[in-house]
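Undergrad: One structure follows; several queries about it will come next.
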There are 2 protein chains.
Amino acid sequence: MKDITPQQNKVLDCIKVYIKETGFPPTRSDICKEMGFKSPNSAETHLRALEKKGFISIASGASRGISIINNDIKEEASSYDSNEYPIVGLVAAGSPTLASENIEKQVNCPSNFFSTSFDYFLRVKGLSMKDAGIMEDDLIAVKKTHDIRNGDIVIARIEDEVTVKYFRKPADDMVILEPANDDFNDIEINLRNEDFFIEGKYVGLIREN
Amino acid sequence: MKDITPQQNKVLDCIKVYIKETGFPPTRSDICKEMGFKSPNSAETHLRALEKKGFISIASGASRGISIINNDIKEEASSYDSNEYPIVGLVAAGSPTLASENIEKQVNCPSNFFSTSFDYFLRVKGLSMKDAGIMEDDLIAVKKTHDIRNGDIVIARIEDEVTVKYFRKPADDMVILEPANDDFNDIEINLRNEDFFIEGKYVGLIREN
DNA sequence: TATTATACTGTATGTATATTCAGTATAATA
DNA sequence: TATTATACTGAATATACATACAGTATAATA
């Protein structure tokens, strides 16, 4: 990335501000108004310079076809890299986990919040994982994956019930789900008889008090 | 906000996806391509319906003048409202909590992440609050305050040691700090003899696995 | 010294785009 | 039953917009 000139930086800023305020990029004419230019070509040449230097991209032929290219590592990694993640509440039996009727609300969270990426939050019911520090109403960050190892905490579905437990697979056709609470018993699943599905893996936890 | 129809929802989604992918909103014609419409007026009427129902705003006369209106309270308050919060690690005896030598790193977190605002994260050492679901190496969100009630979990400093415990004040000159783990004993503090200071209150927790 | 990049004004133009008008059809509401 | 909302096709048009071309001027390179 080449160096930006002060004037080009002003134009770039003015584009960013315009997008933030209106929700869509400016036209050449809009930039002229903001910057005090009297010719649309003043904006045009600045845009071409910014494109050449890699700060923006310009969609050919399209009106308002300017988009900001974000190369700033710091910025990319944090400030503007927040995403909405759904909180999945009580999962209705038989319905897909992320069906809209199960989504309690969406929360804003940096996508790199946990070292492992994740797909959604699950609100914990019950105390079967108490000794692992997972309490009722905690939010578990779940990564949708089938790459599970012995000892991982998994979010699994047995028949129509969703549960959070330690995972262990002592044989090819058998899975044991172990709670972290002496008041609960291990769940043994015979993969040949029972409908068993791994929704994902526990990668993090959030609790609000 | 009135109810959105399934078809209008599809159009709204398609606009959001377009913006996410290109950086600028679609034209009527673009929406037609995405949705399979054959007349630009199909897009137009959907846009007007979405505008009427408060999901988007349309800038008159401007090309691509669509902007998404975000009525989701959580999102509005947070999207760009992320802040850096320090993680306080091992607190050196006698030094101020937030002194730079104690700061492990800074993490990016929306400032309204927990319902209560907070000032920093503290990395938990030991298992004295295990039964409250607070485990070793968890990050506790701490709000600097002296407004503490019986039963709150506090971050307190006794002489030169920082500890996290349940707070109870049975008399004016006495404070009892209770662990949430049978292996630990209550700590009784005589406020007349001992150097006791409340750093803040526990308002939330984050764990990474 | 010639060349290139920056930083503009001013005019012109094809087309990209919003937007209106005229229809057709179905389902929901009053 | 009349009315309104939804969900489209199809055509027409004024204008919003990108973009090229012709200049002027200054400062920085090669």
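Numbering starts fresh at 1 for the residues of each chain in the structure tokens, the chains themselves are lettered A, B, ... in the order given, and ligands are numbered from 1 as they appear.
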Mind fitting chain A onto chain B over all Cα atoms in sequence order and sending the result as a PDB file with C-alpha atoms, in the first residue's frame?

TA:
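Saved result, part.pdb, follows:
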```pdb
ATOM      1  CA  MET A   1     -44.956  -3.011  12.084  1.00  0.00           C
ATOM      2  CA  LYS A   2     -46.911  -3.490   8.900  1.00  0.00           C
ATOM      3  CA  ASP A   3     -46.612  -6.537   6.698  1.00  0.00           C
ATOM      4  CA  ILE A   4     -43.747  -6.690   4.275  1.00  0.00           C
ATOM      5  CA  THR A   5     -44.410  -7.743   0.672  1.00  0.00           C
ATOM      6  CA  PRO A   6     -42.350 -10.580  -0.885  1.00  0.00           C
ATOM      7  CA  GLN A   7     -40.586  -8.150  -3.202  1.00  0.00           C
ATOM      8  CA  GLN A   8     -39.811  -5.728  -0.383  1.00  0.00           C
ATOM      9  CA  ASN A   9     -38.485  -8.655   1.595  1.00  0.00           C
ATOM     10  CA  LYS A  10     -36.158  -9.511  -1.284  1.00  0.00           C
ATOM     11  CA  VAL A  11     -34.877  -5.951  -1.333  1.00  0.00           C
ATOM     12  CA  LEU A  12     -34.390  -6.012   2.446  1.00  0.00           C
ATOM     13  CA  ASP A  13     -32.490  -9.290   2.179  1.00  0.00           C
ATOM     14  CA  CYS A  14     -30.352  -7.932  -0.610  1.00  0.00           C
ATOM     15  CA  ILE A  15     -29.437  -4.933   1.568  1.00  0.00           C
ATOM     16  CA  LYS A  16     -28.521  -7.237   4.457  1.00  0.00           C
ATOM     17  CA  VAL A  17     -26.385  -9.426   2.196  1.00  0.00           C
ATOM     18  CA  TYR A  18     -24.673  -6.371   0.715  1.00  0.00           C
ATOM     19  CA  ILE A  19     -23.779  -5.073   4.175  1.00  0.00           C
ATOM     20  CA  LYS A  20     -22.529  -8.473   5.283  1.00  0.00           C
ATOM     21  CA  GLU A  21     -20.343  -8.812   2.211  1.00  0.00           C
ATOM     22  CA  THR A  22     -18.956  -5.296   1.871  1.00  0.00           C
ATOM     23  CA  GLY A  23     -19.235  -3.861   5.369  1.00  0.00           C
ATOM     24  CA  PHE A  24     -21.284  -0.869   4.188  1.00  0.00           C
ATOM     25  CA  PRO A  25     -24.823  -0.377   2.831  1.00  0.00           C
ATOM     26  CA  PRO A  26     -25.632  -0.288  -0.901  1.00  0.00           C
ATOM     27  CA  THR A  27     -26.530   2.718  -3.033  1.00  0.00           C
ATOM     28  CA  ARG A  28     -29.802   2.807  -4.977  1.00  0.00           C
ATOM     29  CA  SER A  29     -27.764   1.810  -7.996  1.00  0.00           C
ATOM     30  CA  ASP A  30     -26.191  -1.142  -6.177  1.00  0.00           C
ATOM     31  CA  ILE A  31     -29.649  -2.411  -5.264  1.00  0.00           C
ATOM     32  CA  CYS A  32     -30.699  -2.109  -8.917  1.00  0.00           C
ATOM     33  CA  LYS A  33     -27.753  -4.264  -9.969  1.00  0.00           C
ATOM     34  CA  GLU A  34     -28.541  -6.907  -7.362  1.00  0.00           C
ATOM     35  CA  MET A  35     -32.279  -6.923  -8.018  1.00  0.00           C
ATOM     36  CA  GLY A  36     -32.142  -6.434 -11.778  1.00  0.00           C
ATOM     37  CA  PHE A  37     -33.908  -3.056 -11.742  1.00  0.00           C
ATOM     38  CA  LYS A  38     -33.225  -0.614 -14.532  1.00  0.00           C
ATOM     39  CA  SER A  39     -34.131   2.579 -12.707  1.00  0.00           C
ATOM     40  CA  PRO A  40     -32.701   3.897  -9.451  1.00  0.00           C
ATOM     41  CA  ASN A  41     -36.186   5.001  -8.583  1.00  0.00           C
ATOM     42  CA  SER A  42     -37.257   1.358  -8.296  1.00  0.00           C
ATOM     43  CA  ALA A  43     -34.816   1.004  -5.440  1.00  0.00           C
ATOM     44  CA  GLU A  44     -35.820   4.392  -4.037  1.00  0.00           C
ATOM     45  CA  THR A  45     -39.521   3.549  -3.779  1.00  0.00           C
ATOM     46  CA  HIS A  46     -38.779   0.199  -2.169  1.00  0.00           C
ATOM     47  CA  LEU A  47     -36.518   1.905   0.319  1.00  0.00           C
ATOM     48  CA  ARG A  48     -39.208   4.449   1.190  1.00  0.00           C
ATOM     49  CA  ALA A  49     -41.716   1.630   1.653  1.00  0.00           C
ATOM     50  CA  LEU A  50     -39.303  -0.276   3.905  1.00  0.00           C
ATOM     51  CA  GLU A  51     -38.656   2.896   5.875  1.00  0.00           C
ATOM     52  CA  LYS A  52     -42.371   3.588   6.262  1.00  0.00           C
ATOM     53  CA  LYS A  53     -42.900   0.058   7.538  1.00  0.00           C
ATOM     54  CA  GLY A  54     -40.090   0.372  10.022  1.00  0.00           C
ATOM     55  CA  PHE A  55     -37.614  -2.134   8.624  1.00  0.00           C
ATOM     56  CA  ILE A  56     -34.866   0.340   7.799  1.00  0.00           C
ATOM     57  CA  SER A  57     -33.962   3.933   8.474  1.00  0.00           C
ATOM     58  CA  ILE A  58     -32.649   6.262   5.795  1.00  0.00           C
ATOM     59  CA  ALA A  59     -30.299   9.106   6.667  1.00  0.00           C
ATOM     60  CA  SER A  60     -31.339  12.098   4.611  1.00  0.00           C
ATOM     61  CA  GLY A  61     -28.740  13.475   2.249  1.00  0.00           C
ATOM     62  CA  ALA A  62     -26.124  10.909   3.164  1.00  0.00           C
ATOM     63  CA  SER A  63     -24.847   8.438   0.626  1.00  0.00           C
ATOM     64  CA  ARG A  64     -25.398   4.805   1.550  1.00  0.00           C
ATOM     65  CA  GLY A  65     -27.357   6.080   4.549  1.00  0.00           C
ATOM     66  CA  ILE A  66     -29.382   2.918   5.006  1.00  0.00           C
ATOM     67  CA  SER A  67     -29.382   1.122   8.317  1.00  0.00           C
ATOM     68  CA  ILE A  68     -31.271  -1.992   9.279  1.00  0.00           C
ATOM     69  CA  ILE A  69     -33.678  -1.665  12.181  1.00  0.00           C
ATOM     70  CA  ASN A  70     -33.847  -4.817  14.197  1.00  0.00           C
ATOM     71  CA  ASN A  71     -37.266  -5.385  15.699  1.00  0.00           C
ATOM     72  CA  ASP A  72     -37.190  -9.136  15.743  1.00  0.00           C
ATOM     73  CA  ILE A  73     -37.222 -10.127  19.419  1.00  0.00           C
ATOM     74  CA  LYS A  74     -35.583 -13.493  18.927  1.00  0.00           C
ATOM     75  CA  GLU A  75     -32.877 -12.017  16.791  1.00  0.00           C
ATOM     76  CA  GLU A  76     -32.390  -9.058  19.048  1.00  0.00           C
ATOM     77  CA  ALA A  77     -32.049 -11.200  22.111  1.00  0.00           C
ATOM     78  CA  SER A  78     -29.589 -13.649  20.719  1.00  0.00           C
ATOM     79  CA  SER A  79     -28.208 -14.119  17.245  1.00  0.00           C
ATOM     80  CA  TYR A  80     -26.702 -10.740  16.572  1.00  0.00           C
ATOM     81  CA  ASP A  81     -26.405  -9.501  20.097  1.00  0.00           C
ATOM     82  CA  SER A  82     -22.968 -10.845  20.755  1.00  0.00           C
ATOM     83  CA  ASN A  83     -20.383  -8.550  22.168  1.00  0.00           C
ATOM     84  CA  GLU A  84     -16.720  -8.579  22.787  1.00  0.00           C
ATOM     85  CA  TYR A  85     -15.788  -8.704  26.422  1.00  0.00           C
ATOM     86  CA  PRO A  86     -12.249  -8.152  27.650  1.00  0.00           C
ATOM     87  CA  ILE A  87     -10.521 -10.727  29.800  1.00  0.00           C
ATOM     88  CA  VAL A  88      -8.542  -8.880  32.426  1.00  0.00           C
ATOM     89  CA  GLY A  89      -5.536 -10.879  33.433  1.00  0.00           C
ATOM     90  CA  LEU A  90      -2.874 -10.018  35.942  1.00  0.00           C
ATOM     91  CA  VAL A  91      -3.758  -6.546  37.079  1.00  0.00           C
ATOM     92  CA  ALA A  92      -0.661  -4.417  37.421  1.00  0.00           C
ATOM     93  CA  ALA A  93      -0.573  -2.651  40.742  1.00  0.00           C
ATOM     94  CA  GLY A  94      -1.835   0.878  40.539  1.00  0.00           C
ATOM     95  CA  SER A  95      -2.949   0.767  36.928  1.00  0.00           C
ATOM     96  CA  PRO A  96      -6.614   1.011  35.976  1.00  0.00           C
ATOM     97  CA  THR A  97      -8.251  -2.405  35.665  1.00  0.00           C
ATOM     98  CA  LEU A  98      -9.351  -2.026  32.073  1.00  0.00           C
ATOM     99  CA  ALA A  99      -6.149  -0.422  30.816  1.00  0.00           C
ATOM    100  CA  SER A 100      -5.174  -2.095  27.572  1.00  0.00           C
ATOM    101  CA  GLU A 101      -1.959  -3.548  29.007  1.00  0.00           C
ATOM    102  CA  ASN A 102      -4.038  -5.657  31.392  1.00  0.00           C
ATOM    103  CA  ILE A 103      -6.344  -7.090  28.754  1.00  0.00           C
ATOM    104  CA  GLU A 104      -5.403 -10.642  27.973  1.00  0.00           C
ATOM    105  CA  LYS A 105      -7.754 -10.926  25.016  1.00  0.00           C
ATOM    106  CA  GLN A 106     -11.299 -10.234  23.956  1.00  0.00           C
ATOM    107  CA  VAL A 107     -13.906 -12.974  23.905  1.00  0.00           C
ATOM    108  CA  ASN A 108     -17.176 -13.124  22.104  1.00  0.00           C
ATOM    109  CA  CYS A 109     -20.121 -13.765  24.362  1.00  0.00           C
ATOM    110  CA  PRO A 110     -23.837 -13.024  24.116  1.00  0.00           C
ATOM    111  CA  SER A 111     -24.501  -9.947  26.223  1.00  0.00           C
ATOM    112  CA  ASN A 112     -27.439 -11.664  27.908  1.00  0.00           C
ATOM    113  CA  PHE A 113     -25.415 -14.746  28.700  1.00  0.00           C
ATOM    114  CA  PHE A 114     -25.898 -14.342  32.420  1.00  0.00           C
ATOM    115  CA  SER A 115     -29.163 -13.044  33.795  1.00  0.00           C
ATOM    116  CA  THR A 116     -27.267 -10.054  35.167  1.00  0.00           C
ATOM    117  CA  SER A 117     -25.393  -7.915  32.669  1.00  0.00           C
ATOM    118  CA  PHE A 118     -21.648  -7.672  33.114  1.00  0.00           C
ATOM    119  CA  ASP A 119     -18.686  -5.623  31.939  1.00  0.00           C
ATOM    120  CA  TYR A 120     -15.634  -7.803  31.788  1.00  0.00           C
ATOM    121  CA  PHE A 121     -14.059 -11.126  32.707  1.00  0.00           C
ATOM    122  CA  LEU A 122     -11.406 -11.429  35.381  1.00  0.00           C
ATOM    123  CA  ARG A 123      -9.018 -14.353  35.395  1.00  0.00           C
ATOM    124  CA  VAL A 124      -8.832 -15.744  38.925  1.00  0.00           C
ATOM    125  CA  LYS A 125      -5.500 -16.156  40.677  1.00  0.00           C
ATOM    126  CA  GLY A 126      -5.173 -18.260  43.806  1.00  0.00           C
ATOM    127  CA  LEU A 127      -7.560 -20.557  45.614  1.00  0.00           C
ATOM    128  CA  SER A 128      -9.009 -18.296  48.303  1.00  0.00           C
ATOM    129  CA  MET A 129     -12.557 -18.860  46.987  1.00  0.00           C
ATOM    130  CA  LYS A 130     -12.155 -22.594  46.389  1.00  0.00           C
ATOM    131  CA  ASP A 131     -15.108 -23.632  48.540  1.00  0.00           C
ATOM    132  CA  ALA A 132     -17.372 -21.337  46.528  1.00  0.00           C
ATOM    133  CA  GLY A 133     -16.319 -23.319  43.467  1.00  0.00           C
ATOM    134  CA  ILE A 134     -14.054 -20.565  42.163  1.00  0.00           C
ATOM    135  CA  MET A 135     -10.786 -22.135  41.074  1.00  0.00           C
ATOM    136  CA  GLU A 136      -7.473 -20.845  39.748  1.00  0.00           C
ATOM    137  CA  ASP A 137      -7.681 -19.579  36.145  1.00  0.00           C
ATOM    138  CA  ASP A 138     -11.482 -19.495  36.117  1.00  0.00           C
ATOM    139  CA  LEU A 139     -13.037 -16.529  34.363  1.00  0.00           C
ATOM    140  CA  ILE A 140     -15.282 -14.449  36.568  1.00  0.00           C
ATOM    141  CA  ALA A 141     -17.912 -12.259  34.919  1.00  0.00           C
ATOM    142  CA  VAL A 142     -17.717  -8.903  36.708  1.00  0.00           C
ATOM    143  CA  LYS A 143     -20.391  -6.241  36.784  1.00  0.00           C
ATOM    144  CA  LYS A 144     -19.089  -2.785  37.616  1.00  0.00           C
ATOM    145  CA  THR A 145     -21.346  -1.627  40.417  1.00  0.00           C
ATOM    146  CA  HIS A 146     -21.271  -0.316  43.962  1.00  0.00           C
ATOM    147  CA  ASP A 147     -24.624  -1.835  44.824  1.00  0.00           C
ATOM    148  CA  ILE A 148     -23.227  -4.559  47.071  1.00  0.00           C
ATOM    149  CA  ARG A 149     -25.032  -6.474  49.798  1.00  0.00           C
ATOM    150  CA  ASN A 150     -23.712  -8.605  52.621  1.00  0.00           C
ATOM    151  CA  GLY A 151     -22.913 -12.057  51.273  1.00  0.00           C
ATOM    152  CA  ASP A 152     -22.203 -10.926  47.715  1.00  0.00           C
ATOM    153  CA  ILE A 153     -18.922 -11.966  46.172  1.00  0.00           C
ATOM    154  CA  VAL A 154     -17.053  -8.784  45.288  1.00  0.00           C
ATOM    155  CA  ILE A 155     -14.002  -7.838  43.307  1.00  0.00           C
ATOM    156  CA  ALA A 156     -12.255  -5.340  45.541  1.00  0.00           C
ATOM    157  CA  ARG A 157      -9.055  -3.377  45.539  1.00  0.00           C
ATOM    158  CA  ILE A 158      -7.198  -2.864  48.809  1.00  0.00           C
ATOM    159  CA  GLU A 159      -4.338  -0.435  48.451  1.00  0.00           C
ATOM    160  CA  ASP A 160      -2.912  -1.777  45.184  1.00  0.00           C
ATOM    161  CA  GLU A 161      -4.066  -5.362  45.295  1.00  0.00           C
ATOM    162  CA  VAL A 162      -7.136  -6.837  43.610  1.00  0.00           C
ATOM    163  CA  THR A 163      -8.964  -9.638  45.370  1.00  0.00           C
ATOM    164  CA  VAL A 164     -12.164 -11.686  45.098  1.00  0.00           C
ATOM    165  CA  LYS A 165     -13.986 -12.365  48.378  1.00  0.00           C
ATOM    166  CA  TYR A 166     -17.314 -12.523  50.168  1.00  0.00           C
ATOM    167  CA  PHE A 167     -18.373  -9.044  51.293  1.00  0.00           C
ATOM    168  CA  ARG A 168     -19.619  -8.141  54.759  1.00  0.00           C
ATOM    169  CA  LYS A 169     -20.046  -4.697  56.298  1.00  0.00           C
ATOM    170  CA  PRO A 170     -20.684  -4.936  60.044  1.00  0.00           C
ATOM    171  CA  ALA A 171     -20.218  -1.209  60.666  1.00  0.00           C
ATOM    172  CA  ASP A 172     -20.184   2.041  58.702  1.00  0.00           C
ATOM    173  CA  ASP A 173     -16.429   2.355  58.791  1.00  0.00           C
ATOM    174  CA  MET A 174     -15.560  -1.312  58.453  1.00  0.00           C
ATOM    175  CA  VAL A 175     -15.611  -3.976  55.774  1.00  0.00           C
ATOM    176  CA  ILE A 176     -14.741  -7.640  56.184  1.00  0.00           C
ATOM    177  CA  LEU A 177     -13.690  -9.668  53.166  1.00  0.00           C
ATOM    178  CA  GLU A 178     -14.125 -13.380  53.778  1.00  0.00           C
ATOM    179  CA  PRO A 179     -12.434 -16.071  51.716  1.00  0.00           C
ATOM    180  CA  ALA A 180     -14.142 -19.393  50.966  1.00  0.00           C
ATOM    181  CA  ASN A 181     -11.189 -21.477  52.034  1.00  0.00           C
ATOM    182  CA  ASP A 182     -10.155 -22.388  55.570  1.00  0.00           C
ATOM    183  CA  ASP A 183      -6.480 -21.924  54.687  1.00  0.00           C
ATOM    184  CA  PHE A 184      -7.055 -18.176  54.316  1.00  0.00           C
ATOM    185  CA  ASN A 185      -7.980 -15.568  56.888  1.00  0.00           C
ATOM    186  CA  ASP A 186     -10.614 -12.855  56.856  1.00  0.00           C
ATOM    187  CA  ILE A 187      -9.436  -9.430  55.764  1.00  0.00           C
ATOM    188  CA  GLU A 188     -10.637  -6.586  57.968  1.00  0.00           C
ATOM    189  CA  ILE A 189     -10.566  -3.138  56.418  1.00  0.00           C
ATOM    190  CA  ASN A 190     -10.799   0.086  58.343  1.00  0.00           C
ATOM    191  CA  LEU A 191     -12.344   2.457  55.829  1.00  0.00           C
ATOM    192  CA  ARG A 192     -10.865   5.486  57.623  1.00  0.00           C
ATOM    193  CA  ASN A 193      -7.265   4.354  57.309  1.00  0.00           C
ATOM    194  CA  GLU A 194      -7.120   2.156  54.246  1.00  0.00           C
ATOM    195  CA  ASP A 195      -7.470   2.722  50.553  1.00  0.00           C
ATOM    196  CA  PHE A 196     -10.389   0.458  49.657  1.00  0.00           C
ATOM    197  CA  PHE A 197     -12.346   0.362  46.409  1.00  0.00           C
ATOM    198  CA  ILE A 198     -14.999  -1.986  45.066  1.00  0.00           C
ATOM    199  CA  GLU A 199     -14.331  -2.796  41.431  1.00  0.00           C
ATOM    200  CA  GLY A 200     -17.538  -4.738  40.978  1.00  0.00           C
ATOM    201  CA  LYS A 201     -19.638  -7.751  41.715  1.00  0.00           C
ATOM    202  CA  TYR A 202     -19.306 -11.383  40.717  1.00  0.00           C
ATOM    203  CA  VAL A 203     -22.254 -12.379  38.545  1.00  0.00           C
ATOM    204  CA  GLY A 204     -21.087 -15.516  36.768  1.00  0.00           C
ATOM    205  CA  LEU A 205     -18.263 -17.894  36.031  1.00  0.00           C
ATOM    206  CA  ILE A 206     -16.768 -19.675  33.060  1.00  0.00           C
ATOM    207  CA  ARG A 207     -14.221 -22.456  33.193  1.00  0.00           C
ATOM    208  CA  GLU A 208     -12.449 -24.177  30.365  1.00  0.00           C
ATOM    209  CA  ASN A 209     -10.981 -27.656  30.761  1.00  0.00           C
TER     210      ASN A 209
END
```

Undergrad: Would you pick out the contacts of DG14 in chain C at 12 Å or less, using only C-alpha atoms (C1' of nucleotides), so that residues sharing its chain but fewer than 5 positions from it are not included, and give the list as a count of residues only?

TA: 5

Undergrad: Restrict the distance test to only C-alpha atoms (C1' of nucleotides), flag each residue of chain C within 9 Å of chain B, and return the flagged residues as number ranges by chain.

TA: C: 16-19

Undergrad: Once you have the residues from the selection above, write them out as an mmCIF file, in the first residue's frame, restricted to C-alpha atoms (C1' of nucleotides).

TA:
```cif
data_model
loop_
_atom_site.group_PDB
_atom_site.id
_atom_site.type_symbol
_atom_site.label_atom_id
_atom_site.label_comp_id
_atom_site.auth_asym_id
_atom_site.auth_seq_id
_atom_site.Cartn_x
_atom_site.Cartn_y
_atom_site.Cartn_z
ATOM 1 C "C1'" DA C 16 -27.721 3.661 -15.107
ATOM 2 C "C1'" DT C 17 -31.464 4.407 -12.140
ATOM 3 C "C1'" DA C 18 -35.562 6.011 -9.738
ATOM 4 C "C1'" DT C 19 -40.099 6.490 -10.368
#
```

Undergrad: Write out as a PyMOL selection string every residue belonging to chain D that has an atom at most 8 Å from any atom of chain B, counting only C-alpha atoms (C1' of nucleotides).

TA: chain D and resi 7-10+16

Undergrad: For those residues, write N, CA and C atoms (P, O5', C5', C4', C3', O3' and C1' of nucleotides) to a file as a compact mmCIF listing (two decimals), in the first residue's frame.

TA:
```txt
# COMPACT_ATOMS: atom_id res chain seq x y z
P DA D 7 -46.18 -10.35 -0.14
O5' DA D 7 -46.23 -10.45 -1.72
C5' DA D 7 -47.05 -11.43 -2.35
C4' DA D 7 -46.96 -11.28 -3.84
C3' DA D 7 -45.60 -10.79 -4.37
O3' DA D 7 -45.08 -11.73 -5.28
C1' DA D 7 -47.38 -9.69 -5.43
P DC D 8 -43.56 -11.63 -5.76
O5' DC D 8 -43.63 -10.41 -6.80
C5' DC D 8 -43.22 -10.58 -8.11
C4' DC D 8 -44.44 -10.56 -9.05
C3' DC D 8 -44.15 -9.90 -10.38
O3' DC D 8 -43.42 -10.80 -11.21
C1' DC D 8 -46.33 -9.34 -9.59
P DT D 9 -42.37 -10.22 -12.25
O5' DT D 9 -43.39 -9.79 -13.41
C5' DT D 9 -44.25 -10.77 -14.00
C4' DT D 9 -44.96 -10.14 -15.19
C3' DT D 9 -44.02 -9.55 -16.24
O3' DT D 9 -44.50 -9.90 -17.54
C1' DT D 9 -45.51 -7.88 -15.48
P DG D 10 -43.48 -9.77 -18.80
O5' DG D 10 -43.83 -8.36 -19.44
C5' DG D 10 -45.14 -7.81 -19.39
C4' DG D 10 -45.09 -6.36 -19.83
C3' DG D 10 -43.78 -5.89 -20.47
O3' DG D 10 -44.08 -5.31 -21.73
C1' DG D 10 -44.46 -4.37 -18.78
P DA D 16 -32.01 14.75 -10.57
O5' DA D 16 -31.19 13.64 -9.76
C5' DA D 16 -31.70 12.31 -9.70
C4' DA D 16 -30.59 11.28 -9.85
C3' DA D 16 -29.24 11.65 -9.23
O3' DA D 16 -28.75 10.44 -8.62
C1' DA D 16 -28.93 11.14 -11.52
```

Undergrad: Between C1' of DT13 in chain D and C1' of DG10 in chain C, what is the distance, to one decimal in Å?

TA: 28.0 Å

Undergrad: Where in range 12-192 of chain B does DSSP assign strand (DSSP E), given as JSON, numbers by chain?

TA: {"B": [56, 57, 58, 66, 67, 68, 82, 83, 84, 85, 86, 87, 88, 103, 104, 105, 106, 107, 108, 109, 110, 120, 121, 122, 123, 139, 140, 141, 142, 143, 153, 154, 155, 156, 157, 158, 161, 162, 163, 164, 165, 166, 167, 168, 169, 170, 171, 174, 175, 176, 177, 178, 187, 188, 189, 190]}
